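So this block is query_38.tsv, TSV, C-alpha atoms:
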```tsv
chain	number	residue	atom	x	y	z
A	1	MET	CA	-10.19	24.24	12.07
A	2	SER	CA	-12.51	21.23	12.09
A	3	ARG	CA	-11.37	17.66	12.50
A	4	ARG	CA	-12.68	16.78	9.05
A	5	LEU	CA	-10.55	19.48	7.47
A	6	LEU	CA	-7.55	18.38	9.50
A	7	ARG	CA	-8.07	14.81	8.29
A	8	PHE	CA	-8.30	15.98	4.67
A	9	VAL	CA	-5.15	18.12	4.92
A	10	GLY	CA	-3.22	15.46	6.82
A	11	LEU	CA	-4.18	12.69	4.40
A	12	ALA	CA	-3.41	14.82	1.35
A	13	LEU	CA	-0.02	15.82	2.75
A	14	GLY	CA	0.83	12.24	3.69
A	15	LEU	CA	-0.11	10.95	0.24
A	16	PHE	CA	1.86	13.75	-1.42
A	17	LEU	CA	5.00	12.81	0.53
A	18	LEU	CA	4.46	9.13	-0.26
A	19	PHE	CA	4.06	9.81	-3.98
A	20	ASN	CA	7.27	11.85	-3.94
A	21	SER	CA	9.36	9.15	-2.27
A	22	PRO	CA	12.61	8.07	-3.98
A	23	PRO	CA	11.18	4.77	-5.39
A	24	VAL	CA	8.27	6.63	-7.01
A	25	ARG	CA	10.58	9.31	-8.40
A	26	TRP	CA	12.85	6.64	-9.85
A	27	ALA	CA	9.94	4.79	-11.48
A	28	TYR	CA	8.39	7.98	-12.83
A	29	SER	CA	11.69	9.18	-14.31
A	30	HIS	CA	11.70	6.13	-16.60
A	31	TRP	CA	8.10	6.84	-17.66
A	32	PHE	CA	9.00	10.49	-18.21
A	33	VAL	CA	11.87	9.62	-20.55
A	34	GLY	CA	10.05	6.84	-22.41
A	35	SER	CA	6.74	8.63	-22.94
A	36	LEU	CA	8.34	11.89	-24.09
A	37	ASN	CA	10.72	10.09	-26.44
A	38	LEU	CA	7.63	8.54	-28.00
A	39	ALA	CA	5.90	11.93	-28.21
A	40	TYR	CA	8.94	13.59	-29.82
A	41	ALA	CA	9.87	10.65	-32.07
A	42	SER	CA	9.28	12.79	-35.15
A	43	CYS	CA	10.26	16.45	-34.87
A	44	GLY	CA	9.91	17.22	-38.57
A	45	GLY	CA	12.44	18.42	-41.12
A	46	ASP	CA	16.08	18.05	-40.21
A	47	ARG	CA	15.39	18.05	-36.48
A	48	MET	CA	15.81	15.22	-34.01
A	49	ALA	CA	15.52	14.98	-30.24
A	50	GLU	CA	16.12	12.43	-27.54
A	51	LEU	CA	15.66	12.31	-23.78
A	52	ALA	CA	18.02	10.30	-21.60
A	53	LYS	CA	18.49	9.78	-17.88
A	54	GLU	CA	21.53	11.71	-16.69
A	55	LYS	CA	22.01	13.47	-13.37
A	56	ASP	CA	23.92	16.70	-12.99
A	57	GLU	CA	26.58	17.13	-10.33
A	58	HIS	CA	24.26	19.17	-8.09
A	59	GLY	CA	21.38	16.67	-8.26
A	60	ARG	CA	18.87	19.27	-9.45
A	61	PHE	CA	18.28	17.62	-12.83
A	62	ASP	CA	17.98	13.91	-13.60
A	63	THR	CA	17.29	13.98	-17.36
A	64	VAL	CA	18.80	15.59	-20.44
A	65	LEU	CA	17.11	16.61	-23.66
A	66	ARG	CA	19.44	16.30	-26.64
A	67	VAL	CA	18.60	18.20	-29.82
A	68	GLY	CA	20.37	17.80	-33.13
A	69	SER	CA	20.38	17.57	-36.89
A	70	LYS	CA	19.60	14.47	-38.92
A	71	ARG	CA	21.73	15.77	-41.77
A	72	ALA	CA	24.71	16.32	-39.47
A	73	GLY	CA	24.01	12.99	-37.83
A	74	ARG	CA	24.66	14.24	-34.33
A	75	TYR	CA	23.18	16.04	-31.34
A	76	VAL	CA	24.49	19.58	-31.05
A	77	ALA	CA	23.10	20.67	-27.68
A	78	THR	CA	22.03	19.17	-24.37
A	79	LEU	CA	19.33	20.76	-22.23
A	80	PRO	CA	18.84	19.74	-18.57
A	81	LEU	CA	15.42	18.59	-17.36
A	82	SER	CA	13.94	17.46	-14.06
A	83	SER	CA	11.37	14.69	-14.30
A	84	THR	CA	10.18	15.52	-10.78
A	85	ARG	CA	9.74	19.27	-11.22
A	86	GLN	CA	8.43	19.10	-14.79
A	87	GLY	CA	6.27	16.00	-14.62
A	88	LEU	CA	5.83	14.32	-11.26
A	89	ILE	CA	4.89	17.27	-9.01
A	90	PRO	CA	1.64	18.14	-10.83
A	91	ILE	CA	0.64	14.47	-10.84
A	92	THR	CA	1.37	13.83	-7.16
A	93	CYS	CA	-0.33	17.05	-6.11
A	94	PHE	CA	-3.43	16.07	-8.09
A	95	LEU	CA	-3.50	12.45	-6.90
A	96	ALA	CA	-2.95	13.37	-3.24
A	97	LEU	CA	-5.85	15.83	-3.29
A	98	LEU	CA	-8.05	13.45	-5.27
A	99	LEU	CA	-7.53	10.46	-2.98
A	100	ALA	CA	-8.05	12.61	0.12
A	101	THR	CA	-11.32	14.04	-1.22
A	102	PRO	CA	-14.43	12.29	0.20
A	103	ILE	CA	-16.18	11.37	-3.06
A	104	SER	CA	-17.34	8.04	-4.45
A	105	TRP	CA	-14.80	5.64	-5.90
A	106	ALA	CA	-16.57	5.77	-9.25
A	107	ASP	CA	-16.21	9.55	-9.43
A	108	ARG	CA	-12.65	9.28	-8.14
A	109	GLY	CA	-11.74	6.71	-10.79
A	110	ARG	CA	-13.12	8.80	-13.64
A	111	ALA	CA	-11.38	11.92	-12.36
A	112	CYS	CA	-8.12	9.99	-11.94
A	113	LEU	CA	-8.07	8.69	-15.52
A	114	LEU	CA	-8.99	12.03	-17.07
A	115	GLY	CA	-6.65	13.96	-14.77
A	116	LEU	CA	-3.64	11.77	-15.54
A	117	LEU	CA	-4.34	12.14	-19.26
A	118	LEU	CA	-4.59	15.92	-19.00
A	119	LEU	CA	-1.41	16.15	-16.94
A	120	GLN	CA	0.49	13.97	-19.41
A	121	VAL	CA	-0.56	16.30	-22.22
A	122	PHE	CA	0.53	19.24	-20.07
A	123	THR	CA	3.94	17.64	-19.52
A	124	ILE	CA	4.39	17.01	-23.25
A	125	LEU	CA	3.50	20.63	-24.02
A	126	ARG	CA	5.63	21.94	-21.15
A	127	VAL	CA	8.78	20.16	-22.22
A	128	GLY	CA	7.82	20.86	-25.83
A	129	ILE	CA	8.32	24.58	-25.22
A	130	THR	CA	11.88	23.88	-24.05
A	131	LEU	CA	12.39	21.66	-27.10
A	132	LEU	CA	11.13	24.30	-29.55
A	133	LEU	CA	13.26	26.96	-27.88
A	134	GLY	CA	16.28	24.71	-28.23
A	135	PHE	CA	15.63	24.13	-31.92
A	136	ALA	CA	15.08	27.85	-32.52
A	137	SER	CA	18.18	28.98	-30.60
A	138	ILE	CA	20.82	26.47	-31.68
A	139	GLN	CA	22.69	26.50	-34.96
A	140	VAL	CA	24.38	23.58	-36.68
A	141	GLY	CA	27.70	24.77	-38.04
A	142	GLU	CA	27.30	28.02	-39.95
A	143	SER	CA	23.79	27.25	-41.16
A	144	SER	CA	20.62	28.77	-39.72
A	145	SER	CA	18.95	27.44	-36.59
A	146	LEU	CA	17.11	24.14	-36.70
A	147	LEU	CA	13.85	26.08	-36.39
A	148	PRO	CA	14.24	29.40	-38.26
A	149	TRP	CA	11.39	31.28	-36.67
A	150	PRO	CA	11.24	35.11	-36.45
A	151	GLU	CA	13.01	36.65	-33.47
A	152	PRO	CA	9.75	37.84	-31.80
A	153	VAL	CA	8.46	34.26	-31.81
A	154	VAL	CA	11.68	32.98	-30.23
A	155	ARG	CA	11.47	35.68	-27.58
A	156	PHE	CA	7.88	34.68	-26.86
A	157	LEU	CA	8.96	31.06	-26.42
A	158	ALA	CA	11.67	32.21	-24.01
A	159	PHE	CA	9.03	34.22	-22.14
A	160	LEU	CA	6.78	31.14	-21.85
A	161	GLU	CA	9.65	28.93	-20.81
A	162	LEU	CA	10.31	30.97	-17.66
A	163	PRO	CA	7.07	30.02	-15.86
A	164	LEU	CA	6.45	26.74	-17.67
A	165	GLY	CA	9.95	25.25	-17.94
A	166	SER	CA	11.02	23.81	-14.60
A	167	ASN	CA	9.17	26.26	-12.35
A	168	LEU	CA	8.13	24.34	-9.24
A	169	THR	CA	5.22	26.64	-8.39
A	170	THR	CA	3.66	25.98	-11.79
A	171	GLY	CA	3.54	22.26	-11.01
A	172	TYR	CA	1.61	22.82	-7.78
A	173	VAL	CA	-0.78	25.29	-9.41
A	174	VAL	CA	-1.52	22.93	-12.32
A	175	GLY	CA	-2.04	19.95	-10.01
A	176	LEU	CA	-4.39	21.96	-7.80
A	177	GLY	CA	-6.21	23.37	-10.82
A	178	CYS	CA	-6.70	19.90	-12.30
A	179	TRP	CA	-8.17	18.67	-9.01
A	180	LEU	CA	-10.60	21.60	-8.82
A	181	LEU	CA	-11.57	21.23	-12.48
A	182	LEU	CA	-12.47	17.55	-12.16
A	183	CYS	CA	-13.79	17.44	-8.59
A	184	HIS	CA	-15.55	20.75	-7.98
A	185	ARG	CA	-18.98	19.32	-8.89
A	186	HIS	CA	-18.59	16.52	-6.34
A	187	LEU	CA	-17.09	18.55	-3.50
A	188	ASP	CA	-19.15	18.76	-0.32
A	189	LEU	CA	-17.92	21.60	1.90
A	190	ASP	CA	-19.31	19.91	5.01
A	191	GLU	CA	-17.54	16.65	4.16
A	192	LEU	CA	-14.27	18.58	3.85
A	193	GLY	CA	-14.94	20.42	7.07
A	194	LEU	CA	-15.24	23.77	5.29
A	195	GLY	CA	-18.95	24.25	5.89
A	196	SER	CA	-18.52	26.31	9.06
A	197	LEU	CA	-15.69	28.36	7.54
A	198	MET	CA	-17.85	29.21	4.50
A	199	GLY	CA	-20.96	29.93	6.56
A	200	GLY	CA	-22.41	26.42	6.20
A	201	GLY	CA	-22.77	23.53	8.59
A	202	GLY	CA	-20.74	22.67	11.64
A	203	SER	CA	-17.78	20.40	12.27
A	204	ASP	CA	-17.35	17.04	13.93
```
In structure tokens, how does this file's structure come out?
Amino acid sequence: MSRRLLRFVGLALGLFLLFNSPPVRWAYSHWFVGSLNLAYASCGGDRMAELAKEKDEHGRFDTVLRVGSKRAGRYVATLPLSSTRQGLIPITCFLALLLATPISWADRGRACLLGLLLLQVFTILRVGITLLLGFASIQVGESSSLLPWPEPVVRFLAFLELPLGSNLTTGYVVGLGCWLLLCHRHLDLDELGLGSLMGGGGSD
């Protein structure tokens, strides 16, 4: 393994650990709650939702998603979320790879802005699946569910929620995919130390 590749891997790993430090997690958890509350401010019909910071006793989750009925005037269910697993991991994976990649600062800045926007949309959609599943599965009193969709649709949502909900691997894959999508045109295999491994140039 070339020294250039070692530098890239070491820098990316160091940045990833830095971006996942407790102060960053704490700051991001507030952004996670605030931005998603804004995104889900209007859920349509009789439905309402709210995110709030609340840790579980095992420390796996740090946020709750409350779903309820406007007509009933109360939240009827609470769903646990993890701001780190469901929002921060894709972002830190992407940023660590981006900042470790030897490209110009102009290209890096454009990729950073677009990547963060794409990952925010992904987070909204990701948590949105959990939200829709909650609305479709929970009843208020003896009335129908808050989202009376056909059973096959609800089952499909449950199927999507398994890999997209709080799956940690999905976060890494999405972060890596976002980096490749936005940086592949600027990647120089020799600069990354991959030239010799791919049949190209040598190493330092």
Review point. What's the 12 Å shell around Arg185 in chain A, counting only C-alpha atoms, without same-chain residues fewer than 5 positions away, as a list in words?
Key: Ile103, Asp107, Arg108, Ala111, Trp179 and Leu180 of chain A
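CA of Ser29 in chain A is found 8.6 Å from CA of Ser82 in chain A.
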Review point. Near Val24 in chain A, counting only C-alpha atoms, which residues have an atom at most 12 Å away, once you skip same-chain residues fewer than 3 positions from it, shown as a PyMOL selection string?
Key: chain A and resi 15-21+27-32+83-84+88-89+91-92
Practice item. Pick out the closest residue to Leu182 in chain A from this set: A:Leu164, A:Cys112, A:Val121, A:Leu36. Count all atoms listed in the file. Key: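 Closest to Leu182 in chain A, using all atoms listed in the file: A:Cys112.
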Check your understanding: Within 8 Å of Asp46 in chain A, counting all atoms listed in the file, which residues qualify if same-chain residues fewer than 6 places away don't, as a list of chain:residue names?
Key -> A:Ser69, A:Lys70, A:Arg71, A:Leu146
Practice item. Show me as a list in words the residues that reach within 8 Å of (6.1, 25.9, -20.9), counting only C-alpha atoms and using the file's own coordinates. Key: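 The requested residues, written out, are Leu125, Arg126, Val127, Gly128, Ile129, Thr130, Leu160, Glu161, Leu162, Pro163, Leu164 and Gly165 of chain A.
Distances from A:Leu97, A:Ile138, A:Ala106, A:Leu157 to Cys178 in chain A were compared using only C-alpha atoms, and the smallest one belongs to A:Leu97.
With CA of Gly115 in chain A on one side and CA of Val173 in chain A on the other, the separation reads 13.8 Å.
Our summary of the geometry notes that CA of Ala49 in chain A is positioned 24.1 Å from CA of Pro90 in chain A.
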